[in-house]
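Here is the structure we will look at, set down as structure tokens.
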Number of protein chains: 2
Amino acid sequence: MTHVTRLDTSAVRDAVAALDAALGHDNVITSAAELLDYRDPYDYVGSDEYTGAAVVTPGSVEDVQEIVRIANAFRVPLWTFGQGRNYAYGGPAPRLRGSIQVSFRKMNRVLHVDDDLAYAVVEPGVRFQDLYDHLLAGGYRLWPSIPDLGWGSVVGNTLDSGRGYTRYGDHPSTQCGMEVVLANGELLRTGMGGMSTSKVWHLFRESYGPNHAGLFFQSNFGIVTKMGVWLMRAPEVYLSCWATWRDEDLTAGVVDALRELMLDGIITNQPLVGFGSPSEDGRDPEQGGWMVRFALYGREPIVEAQYELARDALARAGDVAVGRRAYRGDEERSRATIHDDKVQGGVPGLELLEMFKKQSGEDAGHLDLSALGPMTGADVAESIRLRRELYARHGLPYGAGIILLQRCALHISPIVFDTRDEQATRAGYAAYNAMAADLARAGYPVYRTNIQSMDVVADQFDFGGHAQRRFNERLKDLLDPNGILSPGKQGIWPRHLRDGA
Amino acid sequence: MTHVTRLDTSAVRDAVAALDAALGHDNVITSAAELLDYRDPYDYVGSDEYTGAAVVTPGSVEDVQEIVRIANAFRVPLWTFGQGRNYAYGGPAPRLRGSIQVSFRKMNRVLHVDDDLAYAVVEPGVRFQDLYDHLLAGGYRLWPSIPDLGWGSVVGNTLDSGRGYTRYGDHPSTQCGMEVVLANGELLRTGMGGMSTSKVWHLFRESYGPNHAGLFFQSNFGIVTKMGVWLMRAPEVYLSCWATWRDEDLTAGVVDALRELMLDGIITNQPLVGFGSPSEDGRDPEQGGWMVRFALYGREPIVEAQYELARDALARAGDVAVGRRAYRGDEERSRATIHDDKVQGGVPGLELLEMFKKQSGEDAGHLDLSALGPMTGADVAESIRLRRELYARHGLPYGAGIILLQRCALHISPIVFDTRDEQATRAGYAAYNAMAADLARAGYPVYRTNIQSMDVVADQFDFGGHAQRRFNERLKDLLDPNGILSPGKQGIWPRHLRDGA
């Protein structure tokens, strides 16, 4: 990309020296060997296209303000991440080579938990595992919602519009009340945090006046330094449930049944439909079989009635087998070992990563092609047909997980390659980009992407002559005139790095 | 206010003439007699402090763009409303006297309903009553969520962060996908509407990149011309439930029990706690008694189990009587006559307005002091104690409705006065402003206010030297440099009308 050539590397060097003086040597990483840990983990081995010049680790909000001040003074780009563990989307790596990476791994405190009102306030370095451990150790009656891997940042995942699998699996909607360092160093508290005496910063999601929180999702308009996260009341009983079927023609009927169960308030989590998933517990012995997992939470008589209604509705779709495992109380659920049961019960782990490495090799990388479609059986079937066709065209094996969100089906299919092979890796990204474009033409937008494809996906948001991009660029130039915050994030570039500017 | 003196009335006259030529005489109201219907209905009779110069009624998005073009050309202020029926907050009246009011009463089409995916797309003039009628006539299995009065605009209420009383009563979170005319005349579609081919504009609430939707709530950054609204699946059974108690000391325990029932997913709507409410059906015969209404929706075995659990939990709070009325199917619910049953069943009406007029007189006005506090029994009791003290200080009778939102209690108390009495009316607003300041000092932010108090409430959002206001002013100057869109809305003024500017 042409952007790279416009970076002033001597200014970056001077900024790194200033950061070293301001934050201390322990908080600035510059050795090439150590920086290897902060490149795009799924870029090809040896590539330096997505490496930074240094990593700085602030320990406080004031440190973040100081970093922003220095970046403005030297007009150098920062790239912020919580933990940088979202490997399929680029990990900690900057979009713009030579940026200074800001790691929140040292700002990892759970600042507050309210057991009655069911929320926590966390710093951006808090991992799902940390939050889970904190809640368990404190004896709180609260569950976190977690994604498949427990090593990621709660704030980072939420701001990337990440998903989990409990009743609170729609992570963006669990956000309530942020503190943000703006590019000019000012501190903004969103929503009801705008009043210094407010008792409800983390309890009410709207603002008096415009609501600014959305501006800081998938964004380079500010750096979030604190966030309120709503948590789920630990249920009396948790049922981890599943349905399996062999005839793919039944899938549409199962999806429609699930949507109605969800709209009726019977299934309240975010189910996952998949096929050919490995058997952990003997319930899906045959490769190629279809399954859905879902969960029920609450008081015993309710979940029992819900389970019966769900079982009957799914059985009406045809030859579908339904099963469940019950967990009573937090203690029992915390000892779950099967991935589906853990992840729907808010118990974090790394078992999927280990399984991936075992299946595909230690040096395997993968991208997740994550696009949205309507949550109807007919459309999910069409979406599966289209993906199969696209994967076949690129000679890639198709496998998928489809997260069901009441009105939307989030269809995620991986593209796997060996990162030791530059050509194979490049081919993987190229296939991703080509398929994302084909999906857009068919009406299925990608909602989240890896750093290497951010411009490609932004191009597809074309309504009104790319009205969203122009709007974002106006906001970017206003809020960050020196273009120091994560340039290129989600295809938003500051003026001096834009094509034709 | 000093703002008024800076309005160029001859420019406004020229703009009105241009609008008349562009939109046709039928779409521009200028007669003083007709404009009386568009003043602040709860200002004192004879006041012209909050009257506009004209009302224009666009019939299309293109009309809105033309209005914006003319307003920019003449640099005159517009003031937009959906129906202008939110009387306690100012109705259709502009914050700035002499503004040109833009009425959406003629853009009142329900553009689309999807029965399977449970949403509608509406223009900003669609009333709750219109949406309800449309759904009933079309035989859709869908309920709207409605506020107490059915004559307001769905879009207007939602954008003002309004509340309803079904499972979908958190109206801001039912918004999915807007079309917005910006001050420069450009059209922006939020979220997944940014892709012209997108199948999921009204199905997924987040964006690729920053989420802009929040910017258009309680805002003067753009004019919303279309909105997707998520609707509730019509339940098999709907139970309209209530609990009553006489001993005020029990209130805290009841509130705590309700919070736990809500966090457990047993009660899924937004209950309303009140006292001294008039008896419609004999369940609350004694003035001064306390009550809460709540509702259960869904399949018969579930709601029956939920009702039993709720009844038992409420009974544990002390001498609390619990009751219910059941409605099976849409037909039965559509014939409900009691207000609580209608409003929790999504059946709009005007019975509360008629009751208010009967109790307080045809010329009575009222303000709603609407502030948020934590949803704990102890805090709700403290909030009631504080309001009583404040109302007593101003010699006003205290009465309240407290909407319960899982983590927040939205405490709304009216201030009633006779609008034929200028002094009494001014005293009402003065009491409101004084009490809003006292509530802010105690940590309870007002989340929504009448036009006359917008600056007063904005002043209370003081964190970071009024960081939110400064942020809003920067956005305002960027997005609307001529300051044509609803100047003064929620205390946000364009540069040329700001104090000291």
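Convention: chains lettered A, B, ... in structure tokens order; per-chain residue numbering from 1; ligands numbered from 1 as shown.
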Chain A near chain B within 6 Å: what's each residue's closest atom pair and its distance in Å to one decimal, counting only C-alpha atoms, ordered by chain then ascending residue number, as CSV?
```
residue,atom,partner,partner_atom,distance
A:Leu117,CA,B:Arg407,CA,5.5
A:Leu188,CA,B:Ala467,CA,5.8
A:Gly194,CA,B:Phe461,CA,5.0
A:Met195,CA,B:Phe461,CA,4.1
A:Ser196,CA,B:Phe463,CA,4.7
A:Thr197,CA,B:Gly443,CA,4.8
A:Ser198,CA,B:Gly443,CA,4.3
A:Lys199,CA,B:Gly443,CA,5.1
A:Leu203,CA,B:Arg407,CA,5.4
A:Tyr208,CA,B:Tyr447,CA,5.0
A:Gly209,CA,B:Gln218,CA,4.6
A:Pro210,CA,B:Leu215,CA,4.8
A:Asn211,CA,B:Gly214,CA,4.5
A:Gly214,CA,B:Asn211,CA,4.5
A:Leu215,CA,B:Pro210,CA,4.8
A:Phe217,CA,B:Pro210,CA,5.1
A:Gln218,CA,B:Gly209,CA,4.6
A:Ser219,CA,B:Pro210,CA,5.2
A:Arg233,CA,B:Leu263,CA,6.0
A:Leu263,CA,B:Arg233,CA,6.0
A:Ile302,CA,B:Ile302,CA,5.9
A:Arg407,CA,B:Leu203,CA,5.4
A:Cys408,CA,B:Leu203,CA,5.7
A:Gly443,CA,B:Ser198,CA,4.3
A:Tyr447,CA,B:Tyr208,CA,5.0
A:Phe461,CA,B:Met195,CA,4.1
A:Asp462,CA,B:Met195,CA,5.2
A:Phe463,CA,B:Ser196,CA,4.7
A:Ala467,CA,B:Leu188,CA,5.8
A:Gln490,CA,B:Gly209,CA,5.5
```
Same residues, C-alpha atoms, saved as a compact mmCIF listing (two decimals), in the first residue's frame:
```
# COMPACT_ATOMS: atom_id res chain seq x y z
CA LEU A 117 -26.86 -4.71 39.74
CA LEU A 188 -14.74 11.84 27.56
CA GLY A 194 -21.08 12.83 31.58
CA MET A 195 -22.32 13.94 35.00
CA SER A 196 -19.55 13.75 37.59
CA THR A 197 -21.94 12.83 40.44
CA SER A 198 -23.88 10.25 38.39
CA LYS A 199 -24.95 7.01 40.06
CA LEU A 203 -26.59 1.28 34.47
CA TYR A 208 -28.78 13.10 27.45
CA GLY A 209 -28.27 14.33 23.91
CA PRO A 210 -26.50 12.28 21.24
CA ASN A 211 -25.09 8.91 22.25
CA GLY A 214 -21.08 3.80 19.05
CA LEU A 215 -18.35 6.07 17.70
CA PHE A 217 -16.64 0.60 18.15
CA GLN A 218 -14.32 -0.71 15.39
CA SER A 219 -12.96 2.78 15.47
CA ARG A 233 -27.22 -13.46 36.83
CA LEU A 263 -38.55 -14.65 19.20
CA ILE A 302 -39.04 -22.70 33.57
CA ARG A 407 -33.14 -11.73 13.12
CA CYS A 408 -29.69 -12.33 11.65
CA GLY A 443 -26.27 -8.91 -0.05
CA TYR A 447 -19.22 -7.07 9.78
CA PHE A 461 -20.06 -0.14 1.84
CA ASP A 462 -21.02 1.81 -1.25
CA PHE A 463 -24.41 3.34 -0.50
CA ALA A 467 -21.48 7.94 2.33
CA GLN A 490 -11.63 -0.42 9.29
```
key: Spatial neighbours of B:Val322, 7 Å, only C-alpha atoms, chain gap at least 2 places, as a PyMOL selection string   = chain B and resi 242-244+311+320
message = Report, in Å to a single decimal, how far apart atom CA of B:Tyr327 and atom CA of B:Tyr238 are.
response =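 Computing the Euclidean distance for atom CA of B:Tyr238 and atom CA of B:Tyr327 yields 5.1 Å.
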key: Exercise: B:Gln423 partners within 12 Å, only C-alpha atoms, chain neighbours under 5 positions left out, as a PyMOL selection string   = chain B and resi 43-45+47+417-418+428-430
query = Contacts of A:Phe294 at 7 Å or less, counting only C-alpha atoms, minus same-chain residues fewer than 4 places along, as a PyMOL selection string?
reply = chain A and resi 240-242+269-272
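Atom to atom, atom CA of A:Ala252 and atom CA of A:Ala315 stand 13.3 Å apart.
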request  = Rank B:Ala88, B:Ala313, B:Ile412, B:Leu396 by their smallest atom-to-atom distance to B:Leu367, using only C-alpha atoms, and report the top residue only.
outcome  =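 For B:Leu367, the nearest of the candidates is B:Ala88.
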Residues of stretch 98-164 of chain A in strand (DSSP E), written as a ChimeraX atom specification = /A:100-103,110-114,119-122,142-143
Write the selection just made, keeping C-alpha atoms, as a JSON list (two decimals), in the first residue's frame?
```json
[["chain", "number", "residue", "atom", "x", "y", "z"],
["A", 100, "ILE", "CA", 3.86, 2.38, 17.54],
["A", 101, "GLN", "CA", 1.71, -0.31, 19.13],
["A", 102, "VAL", "CA", -0.08, 0.52, 22.38],
["A", 103, "SER", "CA", -0.63, -2.64, 24.40],
["A", 110, "VAL", "CA", -11.29, -5.35, 37.26],
["A", 111, "LEU", "CA", -12.08, -1.97, 38.81],
["A", 112, "HIS", "CA", -15.49, -2.73, 40.24],
["A", 113, "VAL", "CA", -18.14, -5.44, 40.44],
["A", 114, "ASP", "CA", -21.71, -4.84, 41.59],
["A", 119, "TYR", "CA", -22.14, -5.40, 36.10],
["A", 120, "ALA", "CA", -18.38, -4.91, 36.19],
["A", 121, "VAL", "CA", -16.09, -2.05, 35.23],
["A", 122, "VAL", "CA", -12.92, -3.22, 33.54],
["A", 142, "LEU", "CA", -22.54, -13.41, 37.99],
["A", 143, "TRP", "CA", -21.42, -14.99, 34.73]]
```
query = So what do you get for atom CA of B:Lys226 versus atom CA of B:Tyr132, distance-wise?
reply = 17.6 Å
Can you list every residue of stretch 143-187 of chain A that has an atom at most 8 Å from stretch 65-70 of chain A, with its nearest atom pair and the distance in Å to one decimal, using only C-alpha atoms, ordered by chain then number, as CSV?
```
residue,atom,partner,partner_atom,distance
A:Val181,CA,A:Gln65,CA,6.7
A:Ala183,CA,A:Val68,CA,6.4
A:Asn184,CA,A:Val68,CA,7.4
A:Gly185,CA,A:Gln65,CA,5.2
A:Glu186,CA,A:Gln65,CA,7.8
```
Grab the residues selected above and save them as a short mmCIF file (atom, residue, chain, number, x, y, z; two decimals), in the first residue's frame with N, CA, C and O atoms.
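Heads up, here's the output in out28.cif:
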```
data_model
loop_
_atom_site.label_atom_id
_atom_site.label_comp_id
_atom_site.auth_asym_id
_atom_site.auth_seq_id
_atom_site.Cartn_x
_atom_site.Cartn_y
_atom_site.Cartn_z
N VAL A 181 -10.03 8.32 25.98
CA VAL A 181 -9.04 9.37 25.75
C VAL A 181 -9.14 9.78 24.28
O VAL A 181 -8.98 8.94 23.39
N ALA A 183 -8.08 12.10 20.85
CA ALA A 183 -6.77 12.38 20.24
C ALA A 183 -6.14 13.65 20.79
O ALA A 183 -4.91 13.78 20.81
N ASN A 184 -6.97 14.59 21.27
CA ASN A 184 -6.40 15.81 21.83
C ASN A 184 -6.06 15.65 23.32
O ASN A 184 -5.72 16.63 23.99
N GLY A 185 -6.17 14.42 23.82
CA GLY A 185 -5.80 14.14 25.20
C GLY A 185 -6.93 14.32 26.20
O GLY A 185 -6.80 13.92 27.36
N GLU A 186 -8.03 14.90 25.75
CA GLU A 186 -9.17 15.08 26.67
C GLU A 186 -9.81 13.74 27.01
O GLU A 186 -9.76 12.79 26.23
#
```
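All residues within stretch 12-59 of chain B that the backbone DSSP calculation assigns to alpha helix (DSSP H) are Val12, Arg13, Asp14, Ala15, Val16, Ala17, Ala18, Leu19, Asp20, Ala21, Ala22, Leu23, Ala32, Ala33, Glu34 and Leu35 of chain B.
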Go ahead and write the selection's residues with C-alpha atoms as a PDB file, in the first residue's frame.
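Done, and the output landed in again_34.pdb:
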```
ATOM      1  CA  VAL B  12     -36.629  33.651   7.677  1.00  0.00           C
ATOM      2  CA  ARG B  13     -39.351  35.432   5.672  1.00  0.00           C
ATOM      3  CA  ASP B  14     -37.394  34.923   2.458  1.00  0.00           C
ATOM      4  CA  ALA B  15     -36.776  31.271   3.293  1.00  0.00           C
ATOM      5  CA  VAL B  16     -40.479  30.704   3.938  1.00  0.00           C
ATOM      6  CA  ALA B  17     -41.276  32.224   0.536  1.00  0.00           C
ATOM      7  CA  ALA B  18     -38.727  29.917  -1.093  1.00  0.00           C
ATOM      8  CA  LEU B  19     -40.210  26.908   0.731  1.00  0.00           C
ATOM      9  CA  ASP B  20     -43.670  27.932  -0.395  1.00  0.00           C
ATOM     10  CA  ALA B  21     -42.462  28.038  -3.991  1.00  0.00           C
ATOM     11  CA  ALA B  22     -40.614  24.715  -3.708  1.00  0.00           C
ATOM     12  CA  LEU B  23     -43.083  22.598  -1.718  1.00  0.00           C
ATOM     13  CA  ALA B  32     -50.889  33.095  13.199  1.00  0.00           C
ATOM     14  CA  ALA B  33     -54.114  31.267  14.060  1.00  0.00           C
ATOM     15  CA  GLU B  34     -52.909  27.960  12.665  1.00  0.00           C
ATOM     16  CA  LEU B  35     -49.443  28.347  14.186  1.00  0.00           C
TER      17      LEU B  35
END
```
